[in-house]
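A.B. asks: Sharing data.txt (compact mmCIF, C-alpha atoms) below.
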```
# COMPACT_ATOMS: atom_id res chain seq x y z
CA MET A 1 98.70 89.44 180.95
CA LYS A 2 102.12 90.95 181.39
CA ILE A 3 101.98 93.92 183.77
CA ARG A 4 104.07 96.73 182.36
CA TYR A 5 106.96 98.21 184.28
CA LEU A 6 105.83 101.71 185.11
CA ILE A 7 102.10 101.83 184.49
CA THR A 8 99.57 99.49 186.09
CA VAL A 9 96.92 98.23 183.70
CA CYS A 10 93.28 98.32 184.70
CA PHE A 11 92.31 94.77 183.66
CA SER A 12 93.82 91.71 185.35
CA ILE A 13 93.87 88.21 183.85
CA ALA A 14 90.90 87.28 186.03
CA GLU A 15 88.94 90.32 184.85
CA LEU A 16 89.69 89.58 181.22
CA THR A 17 88.61 85.98 181.70
CA ALA A 18 85.36 87.19 183.24
CA LEU A 19 84.79 89.35 180.18
CA GLY A 20 85.46 86.38 177.92
CA GLN A 21 88.56 84.48 176.89
CA PRO A 22 90.95 86.67 174.88
CA LYS A 23 90.70 85.93 171.18
CA SER A 24 93.00 86.10 168.18
CA ILE A 25 91.36 87.94 165.28
CA LEU A 26 92.63 88.34 161.71
CA PHE A 27 91.57 91.61 160.10
CA LYS A 28 92.23 92.07 156.38
CA PRO A 29 92.03 95.77 155.49
CA THR A 30 90.46 96.95 152.27
CA THR A 31 90.37 100.69 153.07
CA TYR A 32 93.16 102.93 154.35
CA TYR A 33 93.13 106.47 155.69
CA ASN A 34 95.45 109.47 155.58
CA ASN A 35 94.21 111.33 158.68
CA PHE A 36 94.24 110.58 162.40
CA SER A 37 90.53 111.37 162.42
CA HIS A 38 87.68 110.67 164.85
CA GLN A 39 85.16 110.77 161.99
CA PHE A 40 85.96 107.50 160.20
CA LEU A 41 83.81 104.52 161.12
CA PRO A 42 85.72 101.87 163.11
CA VAL A 43 86.77 98.85 161.09
CA LEU A 44 86.61 96.58 164.14
CA LYS A 45 85.57 96.67 167.80
CA VAL A 46 88.38 95.23 169.89
CA GLN A 47 88.06 93.86 173.42
CA PRO A 48 91.07 94.59 175.67
CA GLY A 49 93.33 91.54 175.69
CA ASP A 50 92.38 90.32 172.21
CA THR A 51 95.19 89.87 169.70
CA ILE A 52 94.52 91.61 166.39
CA LYS A 53 96.52 90.49 163.37
CA SER A 54 96.52 92.75 160.33
CA ALA A 55 98.66 94.41 157.68
CA SER A 56 99.64 97.81 156.32
CA VAL A 57 100.60 99.14 152.93
CA ASP A 58 103.73 101.22 152.39
CA ALA A 59 103.92 105.02 152.56
CA GLY A 60 103.12 105.26 148.85
CA GLY A 61 100.01 103.10 149.13
CA PHE A 62 101.47 99.88 147.66
CA ASP A 63 100.58 96.53 149.23
CA LYS A 64 102.63 93.36 149.69
CA LEU A 65 102.01 92.39 146.05
CA GLY A 66 103.28 95.74 144.79
CA SER A 67 99.78 96.90 143.79
CA ARG A 68 98.72 100.44 144.55
CA VAL A 69 95.62 100.16 146.74
CA ALA A 70 95.65 103.46 148.65
CA LYS A 71 96.48 107.13 148.33
CA SER A 72 100.12 107.99 149.03
CA GLY A 73 101.19 109.85 152.17
CA ASN A 74 101.39 107.20 154.91
CA PRO A 75 98.01 105.48 154.47
CA VAL A 76 97.22 103.64 157.71
CA THR A 77 95.10 100.67 158.74
CA GLY A 78 92.16 101.24 161.10
CA PRO A 79 90.61 102.81 163.01
CA PHE A 80 90.20 100.09 165.65
CA PHE A 81 87.65 100.88 168.38
CA ILE A 82 88.99 99.67 171.74
CA VAL A 83 86.08 98.78 174.00
CA GLY A 84 86.21 100.63 177.32
CA ALA A 85 88.60 103.38 176.21
CA SER A 86 87.28 106.87 177.05
CA PRO A 87 88.72 110.39 176.96
CA GLY A 88 91.18 110.83 179.83
CA ASP A 89 92.27 107.19 179.77
CA ILE A 90 95.60 105.92 178.45
CA LEU A 91 95.70 103.23 175.79
CA ALA A 92 98.58 100.75 175.95
CA ILE A 93 99.27 99.13 172.56
CA THR A 94 101.64 96.16 172.76
CA LEU A 95 103.05 95.12 169.39
CA THR A 96 103.27 91.35 169.60
CA SER A 97 104.58 91.03 166.05
CA VAL A 98 105.93 93.34 163.34
CA SER A 99 107.22 91.51 160.25
CA LEU A 100 108.07 92.08 156.60
CA ASN A 101 105.66 90.73 154.01
CA ARG A 102 107.46 91.53 150.75
CA ASP A 103 111.02 91.49 149.43
CA TYR A 104 111.62 95.13 148.54
CA ALA A 105 111.48 98.67 149.92
CA THR A 106 111.96 102.11 148.41
CA THR A 107 113.48 105.38 149.59
CA VAL A 108 114.58 108.72 148.10
CA GLY A 109 117.97 109.43 146.56
CA SER A 110 118.26 112.89 148.08
CA TYR A 111 118.32 114.80 151.38
CA LEU A 112 115.98 116.90 153.47
CA GLN A 113 116.66 120.63 153.50
CA ARG A 114 116.90 120.41 157.30
CA SER A 115 119.59 117.74 157.14
CA VAL A 116 122.43 119.32 155.14
CA PRO A 117 123.81 122.85 154.56
CA LEU A 118 122.43 123.49 151.11
CA ALA A 119 124.78 126.42 150.50
CA VAL A 120 127.68 123.97 150.19
CA PHE A 121 125.68 120.91 149.16
CA LYS A 122 123.20 122.31 146.69
CA GLU A 123 124.13 120.02 143.81
CA ASN A 124 123.11 117.01 145.91
CA PHE A 125 119.70 118.32 146.88
CA ASP A 126 116.86 117.49 144.54
CA PRO A 127 113.30 117.43 145.93
CA ARG A 128 112.21 115.62 142.76
CA ALA A 129 114.82 112.88 143.10
CA ASP A 130 113.96 109.42 141.80
CA ARG A 131 113.14 106.65 144.22
CA VAL A 132 115.78 104.06 145.04
CA LYS A 133 114.70 100.44 145.30
CA TRP A 134 116.19 98.15 147.95
CA LYS A 135 116.18 94.36 147.95
CA LEU A 136 115.12 92.94 151.33
CA ILE A 137 116.65 89.60 152.28
CA PRO A 138 115.10 88.74 155.66
CA GLU A 139 116.48 85.20 155.75
CA LYS A 140 119.96 86.76 155.85
CA GLY A 141 118.91 89.78 157.89
CA TYR A 142 120.01 92.52 155.51
CA ALA A 143 118.95 94.88 152.72
CA LYS A 144 120.83 95.87 149.56
CA PRO A 145 120.34 98.97 147.35
CA GLU A 146 119.62 98.37 143.67
CA LEU A 147 121.60 101.25 142.16
CA GLU A 148 123.43 101.43 138.87
CA GLY A 149 127.20 101.52 139.16
CA LYS A 150 129.70 99.58 141.21
CA ASN A 151 130.32 101.74 144.27
CA LEU A 152 127.50 100.15 146.28
CA SER A 153 127.48 96.75 144.59
CA GLU A 154 128.69 94.98 147.74
CA PHE A 155 127.05 97.31 150.24
CA THR A 156 124.41 95.92 152.62
CA ILE A 157 122.74 97.15 155.81
CA PRO A 158 121.06 95.17 158.61
CA LEU A 159 117.29 95.02 158.64
CA HIS A 160 115.37 96.56 161.53
CA HIS A 161 111.70 96.70 160.69
CA PHE A 162 109.21 98.80 162.62
CA LEU A 163 106.00 100.80 162.23
CA GLY A 164 106.38 104.49 161.54
CA CYS A 165 102.77 105.25 162.54
CA VAL A 166 100.93 104.18 165.68
CA GLY A 167 98.37 106.79 166.63
CA LEU A 168 94.92 107.49 168.01
CA ALA A 169 92.31 109.87 166.68
CA ALA A 170 93.68 113.32 167.44
CA PRO A 171 91.99 115.83 169.76
CA LEU A 172 89.53 118.20 168.12
CA LYS A 173 91.98 121.12 168.40
CA SER A 174 94.37 119.27 166.06
CA LYS A 175 91.80 119.28 163.24
CA GLU A 176 92.31 115.72 162.00
CA PRO A 177 96.03 115.88 161.15
CA LEU A 178 97.42 114.12 158.12
CA THR A 179 99.29 110.88 158.78
CA TYR A 180 102.73 112.39 158.28
CA TYR A 181 102.17 114.46 161.47
CA ALA A 182 102.94 113.36 165.03
CA GLY A 183 101.77 114.81 168.32
CA GLU A 184 100.20 114.02 171.66
CA TYR A 185 98.06 111.43 169.87
CA GLY A 186 101.14 109.51 168.67
CA GLY A 187 100.99 109.27 164.91
CA ASN A 188 103.96 109.41 162.56
CA MET A 189 106.63 108.97 165.24
CA ASP A 190 109.07 107.19 162.89
CA PHE A 191 110.96 105.72 165.85
CA ARG A 192 112.79 102.42 165.51
CA LYS A 193 111.64 101.18 168.92
CA VAL A 194 108.04 100.91 167.70
CA THR A 195 108.46 97.24 166.86
CA THR A 196 107.88 93.73 168.16
CA GLY A 197 107.75 93.63 171.96
CA ALA A 198 107.26 97.36 172.51
CA THR A 199 104.29 98.91 174.29
CA ILE A 200 103.20 102.39 173.22
CA TYR A 201 101.18 104.46 175.72
CA ILE A 202 98.97 107.17 174.19
CA PRO A 203 96.35 109.44 175.80
CA VAL A 204 92.78 108.86 174.65
CA PHE A 205 90.75 111.77 173.25
CA HIS A 206 87.67 110.01 171.85
CA GLU A 207 85.48 107.06 172.79
CA GLY A 208 87.19 103.85 171.75
CA GLY A 209 90.50 105.61 171.20
CA LEU A 210 90.28 104.90 167.42
CA LEU A 211 93.67 103.33 166.79
CA TYR A 212 95.57 103.55 163.47
CA LEU A 213 98.75 101.67 162.49
CA GLY A 214 100.93 101.63 159.39
CA ASP A 215 103.91 103.15 157.55
CA GLY A 216 106.19 100.13 157.67
CA HIS A 217 109.95 100.70 157.63
CA ALA A 218 112.54 98.04 156.88
CA GLN A 219 115.29 100.30 158.27
CA GLN A 220 115.76 103.98 159.06
CA GLY A 221 118.56 106.10 160.41
CA ASP A 222 117.94 108.73 163.06
CA GLY A 223 116.39 111.87 161.61
CA GLU A 224 115.05 110.13 158.48
CA ILE A 225 117.28 112.55 156.57
CA ASN A 226 116.35 111.28 153.08
CA GLY A 227 112.76 112.25 153.76
CA ASP A 228 111.79 108.56 153.64
CA ALA A 229 112.95 105.46 155.44
CA LEU A 230 113.22 102.14 153.59
CA GLU A 231 109.46 102.16 153.01
CA THR A 232 107.66 98.85 152.73
CA SER A 233 104.43 97.04 153.54
CA MET A 234 104.19 95.13 156.82
CA ASP A 235 102.29 92.51 158.78
CA PHE A 236 101.64 93.32 162.43
CA ALA A 237 99.77 92.12 165.50
CA PHE A 238 98.84 94.01 168.65
CA VAL A 239 97.09 93.72 172.00
CA ALA A 240 95.43 96.81 173.45
CA THR A 241 94.86 97.51 177.15
CA VAL A 242 92.94 100.39 178.71
CA ILE A 243 94.55 102.21 181.65
CA LYS A 244 92.24 104.18 183.93
CA GLY A 245 92.83 106.33 186.98
CA GLN A 246 96.40 107.29 186.16
CA PRO A 247 97.79 110.84 185.88
CA PRO A 248 97.40 112.14 182.32
CA ILE A 249 100.35 112.07 179.95
CA LYS A 250 101.06 114.89 177.50
CA PHE A 251 102.89 112.90 174.82
CA PRO A 252 103.27 109.23 173.90
CA ARG A 253 105.51 106.93 175.92
CA ILE A 254 107.20 103.74 174.81
CA GLU A 255 108.49 100.80 176.78
CA ASP A 256 110.45 97.78 175.60
CA ALA A 257 112.73 95.23 177.23
CA GLU A 258 115.61 97.71 177.37
CA HIS A 259 114.30 101.27 177.81
CA ILE A 260 111.50 103.50 178.95
CA VAL A 261 111.05 106.32 176.44
CA ALA A 262 109.27 109.66 176.62
CA MET A 263 108.48 110.96 173.13
CA ALA A 264 107.79 114.62 172.42
CA MET A 265 107.42 117.03 169.54
CA GLY A 266 108.17 120.73 169.13
CA LYS A 267 108.73 123.49 166.60
CA SER A 268 112.45 123.39 167.46
CA LEU A 269 114.80 120.74 168.78
CA GLU A 270 115.08 122.74 172.01
CA GLU A 271 111.33 122.73 172.52
CA ALA A 272 111.05 119.04 171.64
CA SER A 273 113.93 118.06 173.95
CA GLN A 274 112.45 120.07 176.83
CA ASN A 275 109.08 118.36 176.36
CA ALA A 276 110.67 114.90 176.17
CA THR A 277 112.90 115.47 179.21
CA PHE A 278 109.95 116.70 181.23
CA GLY A 279 107.91 113.67 180.15
CA LEU A 280 110.62 111.32 181.39
CA LEU A 281 110.97 113.31 184.62
CA GLU A 282 107.20 113.06 185.26
CA TRP A 283 107.25 109.32 184.56
CA ILE A 284 110.05 108.58 187.01
CA GLN A 285 108.73 110.90 189.69
CA SER A 286 105.23 109.42 189.42
CA ASP A 287 106.41 105.82 189.70
CA HIS A 288 109.04 106.28 192.38
CA GLY A 289 107.84 109.26 194.41
CA LEU A 290 111.02 111.26 193.78
CA THR A 291 111.42 114.97 194.34
CA ALA A 292 112.63 117.03 191.39
CA ARG A 293 116.05 117.26 193.08
CA GLU A 294 116.23 113.48 193.56
CA ALA A 295 115.08 112.86 190.00
CA SER A 296 117.84 115.12 188.71
CA GLN A 297 120.36 112.62 190.07
CA VAL A 298 118.68 109.81 188.16
CA ILE A 299 118.07 111.55 184.85
CA GLY A 300 121.24 113.66 184.70
CA PRO A 301 123.78 110.81 184.60
CA LEU A 302 121.63 108.32 182.66
CA ILE A 303 119.40 110.02 180.08
CA GLU A 304 119.82 109.20 176.39
CA TYR A 305 118.38 111.20 173.50
CA ARG A 306 117.47 110.12 169.99
CA ILE A 307 116.15 112.24 167.13
CA PRO A 308 113.72 109.89 165.37
CA SER A 309 112.72 112.28 162.61
CA ILE A 310 113.35 115.74 161.27
CA ALA A 311 111.20 114.90 158.25
CA SER A 312 107.89 115.56 159.99
CA PRO A 313 106.49 119.09 160.25
CA ASP A 314 107.33 119.16 163.97
CA LEU A 315 110.69 117.93 165.24
CA GLU A 316 110.75 114.85 167.43
CA ILE A 317 112.89 113.81 170.39
CA ALA A 318 112.96 110.56 172.34
CA ALA A 319 114.29 110.82 175.91
CA MET A 320 115.24 107.39 177.27
CA ILE A 321 116.63 105.60 180.31
CA LYS A 322 117.63 101.95 180.49
CA LYS A 323 115.27 100.04 182.77
CA ASN A 324 117.97 98.04 184.51
CA TYR A 325 119.39 101.29 185.93
CA LEU A 326 116.13 101.89 187.81
CA THR A 327 115.99 98.61 189.71
CA GLY A 328 117.51 100.25 192.81
CA LEU A 329 114.62 102.71 193.11
CA LYS A 330 111.66 101.90 195.33
CA ARG A 331 108.24 101.82 193.71
CA LYS A 332 105.82 104.45 194.96
CA THR A 333 103.05 102.93 197.07
CA LYS A 334 99.56 103.68 195.83
```
Transcribe the structure of this file into structure tokens.
C.D. replies:
Amino acid sequence: MKIRYLITVCFSIAELTALGQPKSILFKPTTYYNNFSHQFLPVLKVQPGDTIKSASVDAGGFDKLGSRVAKSGNPVTGPFFIVGASPGDILAITLTSVSLNRDYATTVGSYLQRSVPLAVFKENFDPRADRVKWKLIPEKGYAKPELEGKNLSEFTIPLHHFLGCVGLAAPLKSKEPLTYYAGEYGGNMDFRKVTTGATIYIPVFHEGGLLYLGDGHAQQGDGEINGDALETSMDFAFVATVIKGQPPIKFPRIEDAEHIVAMAMGKSLEEASQNATFGLLEWIQSDHGLTAREASQVIGPLIEYRIPSIASPDLEIAAMIKKNYLTGLKRKTK
């Protein structure tokens, strides 16, 4: 098993072998849910280290064949019960594969009220706007809008597919949030780094964690200012690992080959950015034993911010640092 950069997993290869050789399991969903709830029966019990291959429908509930099989509003696949995960643990979900499984996506031909000054742009805001269909051409690596008229007839954009939703059953205080919400439990993060090769770290609030995945995006700009990304169905595969005995985390964290990322949410961009910055500060201090003053000299010159979505009820910020910049720091001894 690959040991992640900043968090030590609790099961080694030898321990996993003792528990039984990791398996590859194909799960074909027939039911989808619209809440990050602890009350739904698990669809599968998953041993840490096993690879689970499955699929999601799009945000409107349409599957890879274009058939409506679920209620709209980000229906997700799961919940998966991760054996050994208990409240207070951290679940590490490594996405080993995220791939398109159909040749079209849809979005909205309008703008969010948060995204444009409606006083000067009112004629272009229509909450009832028709959906726009996009042709996905993965063999060429791009997507093309199917709009009437000639202005966009030669226009294409590169594909970058990812999962909008990776979340655990929310804490009881959250009252089973709908799947267009995001919070400490992960959820509808709508962040482009949630794709093949990334590991998402989420605090566990219920036995088994109860993991949900879905809301496939073929591409999305920062902010998701149309209200939708290029929404499509998706195939995915993941490996889950349980982390015990580590300091608790307040919001999800993401790690890929390039960055470590502290995600956070808030009622305002200021609140969200403060939460995300503090999450990144805690992460670096915990791993490298830095004082707050020392950490200021790491974060200050190097931090990057992204705004994954302003479409969700709470605003989201991703605070990031490139991993290669941290190679000169000593690891904290346990």
A.B. asks: Interatomic distance between CA of Thr77 in chain A and CA of Ser24 in chain A?
C.D. replies: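 Computing it gives 17.5 Å between the two atoms.
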A.B. asks: Which is closest to Ala218 in chain A among A:Lys144, A:His161, A:Arg293, A:Lys45, if we use only C-alpha atoms?
C.D. replies: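 Among A:Lys144, A:His161, A:Arg293, A:Lys45, it is A:His161 that comes nearest to Ala218 in chain A.
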A.B. asks: Would you kindly return, as a list of chain:residue names, each protein, DNA or RNA residue with an atom no farther than 9 Å from any atom of Arg114 in chain A, considering only C-alpha atoms and excluding same-chain residues fewer than 2 positions away?
C.D. replies: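 The filter keeps A:Tyr111, A:Leu112, A:Val116, A:Pro117, A:Leu118, A:Ile225, A:Ile310, A:Ala311.
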A.B. asks: Excluding range 230-236 of chain A and its own-chain neighbours fewer than 4 positions away, which residues fall within 6 Å of it when counting all atoms listed in the file? Please give them as number ranges by chain.
C.D. replies: A: 53-58, 63-64, 97-101, 105-107, 216-219
A.B. asks: Which of these, A:Pro138, A:Phe36, A:Ala295, A:Leu315, has the shortest distance to Glu271 in chain A once you count only C-alpha atoms?
C.D. replies: A:Leu315
A.B. asks: From the list A:Ile93, A:Leu280, A:Leu290, A:Val194, which residue is nearest Val261 in chain A when using all atoms listed in the file?
C.D. replies: A:Leu280
A.B. asks: Could you list, as a PDB file with C-alpha atoms, keeping the file's coordinate frame, every residue within 12 Å of Phe278 in chain A, counting only C-alpha atoms and ignoring same-chain residues fewer than 2 positions away?
C.D. replies:
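Result saved to out-v6.pdb:
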```
ATOM      1  CA  ILE A 249     100.350 112.070 179.950  1.00  0.00           C
ATOM      2  CA  LYS A 250     101.060 114.890 177.500  1.00  0.00           C
ATOM      3  CA  PHE A 251     102.890 112.900 174.820  1.00  0.00           C
ATOM      4  CA  ARG A 253     105.510 106.930 175.920  1.00  0.00           C
ATOM      5  CA  VAL A 261     111.050 106.320 176.440  1.00  0.00           C
ATOM      6  CA  ALA A 262     109.270 109.660 176.620  1.00  0.00           C
ATOM      7  CA  MET A 263     108.480 110.960 173.130  1.00  0.00           C
ATOM      8  CA  ALA A 264     107.790 114.620 172.420  1.00  0.00           C
ATOM      9  CA  MET A 265     107.420 117.030 169.540  1.00  0.00           C
ATOM     10  CA  GLU A 271     111.330 122.730 172.520  1.00  0.00           C
ATOM     11  CA  ALA A 272     111.050 119.040 171.640  1.00  0.00           C
ATOM     12  CA  SER A 273     113.930 118.060 173.950  1.00  0.00           C
ATOM     13  CA  GLN A 274     112.450 120.070 176.830  1.00  0.00           C
ATOM     14  CA  ASN A 275     109.080 118.360 176.360  1.00  0.00           C
ATOM     15  CA  ALA A 276     110.670 114.900 176.170  1.00  0.00           C
ATOM     16  CA  LEU A 280     110.620 111.320 181.390  1.00  0.00           C
ATOM     17  CA  LEU A 281     110.970 113.310 184.620  1.00  0.00           C
ATOM     18  CA  GLU A 282     107.200 113.060 185.260  1.00  0.00           C
ATOM     19  CA  TRP A 283     107.250 109.320 184.560  1.00  0.00           C
ATOM     20  CA  ILE A 284     110.050 108.580 187.010  1.00  0.00           C
ATOM     21  CA  GLN A 285     108.730 110.900 189.690  1.00  0.00           C
ATOM     22  CA  SER A 286     105.230 109.420 189.420  1.00  0.00           C
ATOM     23  CA  ALA A 292     112.630 117.030 191.390  1.00  0.00           C
ATOM     24  CA  ALA A 295     115.080 112.860 190.000  1.00  0.00           C
ATOM     25  CA  SER A 296     117.840 115.120 188.710  1.00  0.00           C
ATOM     26  CA  ILE A 299     118.070 111.550 184.850  1.00  0.00           C
ATOM     27  CA  ILE A 303     119.400 110.020 180.080  1.00  0.00           C
ATOM     28  CA  ILE A 317     112.890 113.810 170.390  1.00  0.00           C
ATOM     29  CA  ALA A 318     112.960 110.560 172.340  1.00  0.00           C
ATOM     30  CA  ALA A 319     114.290 110.820 175.910  1.00  0.00           C
ATOM     31  CA  MET A 320     115.240 107.390 177.270  1.00  0.00           C
TER      32      MET A 320
END
```
A.B. asks: Restricting the calculation to only C-alpha atoms, which member of A:Gly84, A:Leu159, A:Pro79, A:Gly73 is positioned closest to Asp103 in chain A?
C.D. replies: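 Among A:Gly84, A:Leu159, A:Pro79, A:Gly73, it is A:Leu159 that comes nearest to Asp103 in chain A.
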A.B. asks: Within 10 Å of (99.4, 108.7, 158.8), in the coordinates the file gives, what residues turn up when you count only C-alpha atoms, written out as number ranges by chain?
C.D. replies: A: 32-37, 59, 72-77, 164-167, 177-182, 187-189, 212-215
A.B. asks: Find the spatial neighbours of Glu207 in chain A, counting all atoms listed in the file, within a cut-off of 6 Å - ignore same-chain residues fewer than 2 positions away - and output them as a ChimeraX atom specification.
C.D. replies: /A:85-86,209
A.B. asks: Check the smallest atom-to-atom distance from each of A:Trp134, A:Phe155, A:Phe81, A:Tyr305 to Ala229 in chain A using only C-alpha atoms, then report the winner.
C.D. replies: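 When distances to Ala229 in chain A are compared using only C-alpha atoms, the smallest one comes from A:Trp134.
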A.B. asks: Any idea what the distance is between CA of His160 in chain A and CA of Tyr104 in chain A?
C.D. replies: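 It comes out at 13.6 Å.
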A.B. asks: What is the distance, in Å and to one decimal place, between CA of Leu26 in chain A and CA of Ile52 in chain A?
C.D. replies: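 Distance between the two atoms: 6.0 Å.
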A.B. asks: Measuring between all atoms listed in the file, which one of A:Ser312, A:Ser174, A:Gln47, A:Thr291 shows the shortest distance to Gly266 in chain A?
C.D. replies: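 Between A:Ser312, A:Ser174, A:Gln47, A:Thr291, the residue approaching Gly266 in chain A most closely is A:Ser312.
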A.B. asks: Do a neighbour search on Ile90 in chain A at 12 Å with all atoms listed in the file, toss out local chain neighbours closer than 4 positions, and write the hits as a PyMOL selection string.
C.D. replies: chain A and resi 7-10+82+84-86+168+184-186+199-209+240-253
A.B. asks: Box for range 45-56 of chain A: with edges along x, y and z, all listed atoms inside and 4 Å added on each side, what are the centre and edge lengths in Å to one decimal, as JSON?
C.D. replies:
```
{"center_x": 92.6, "center_y": 93.8, "center_z": 166.0, "size_x": 22.1, "size_y": 15.9, "size_z": 27.4}
```
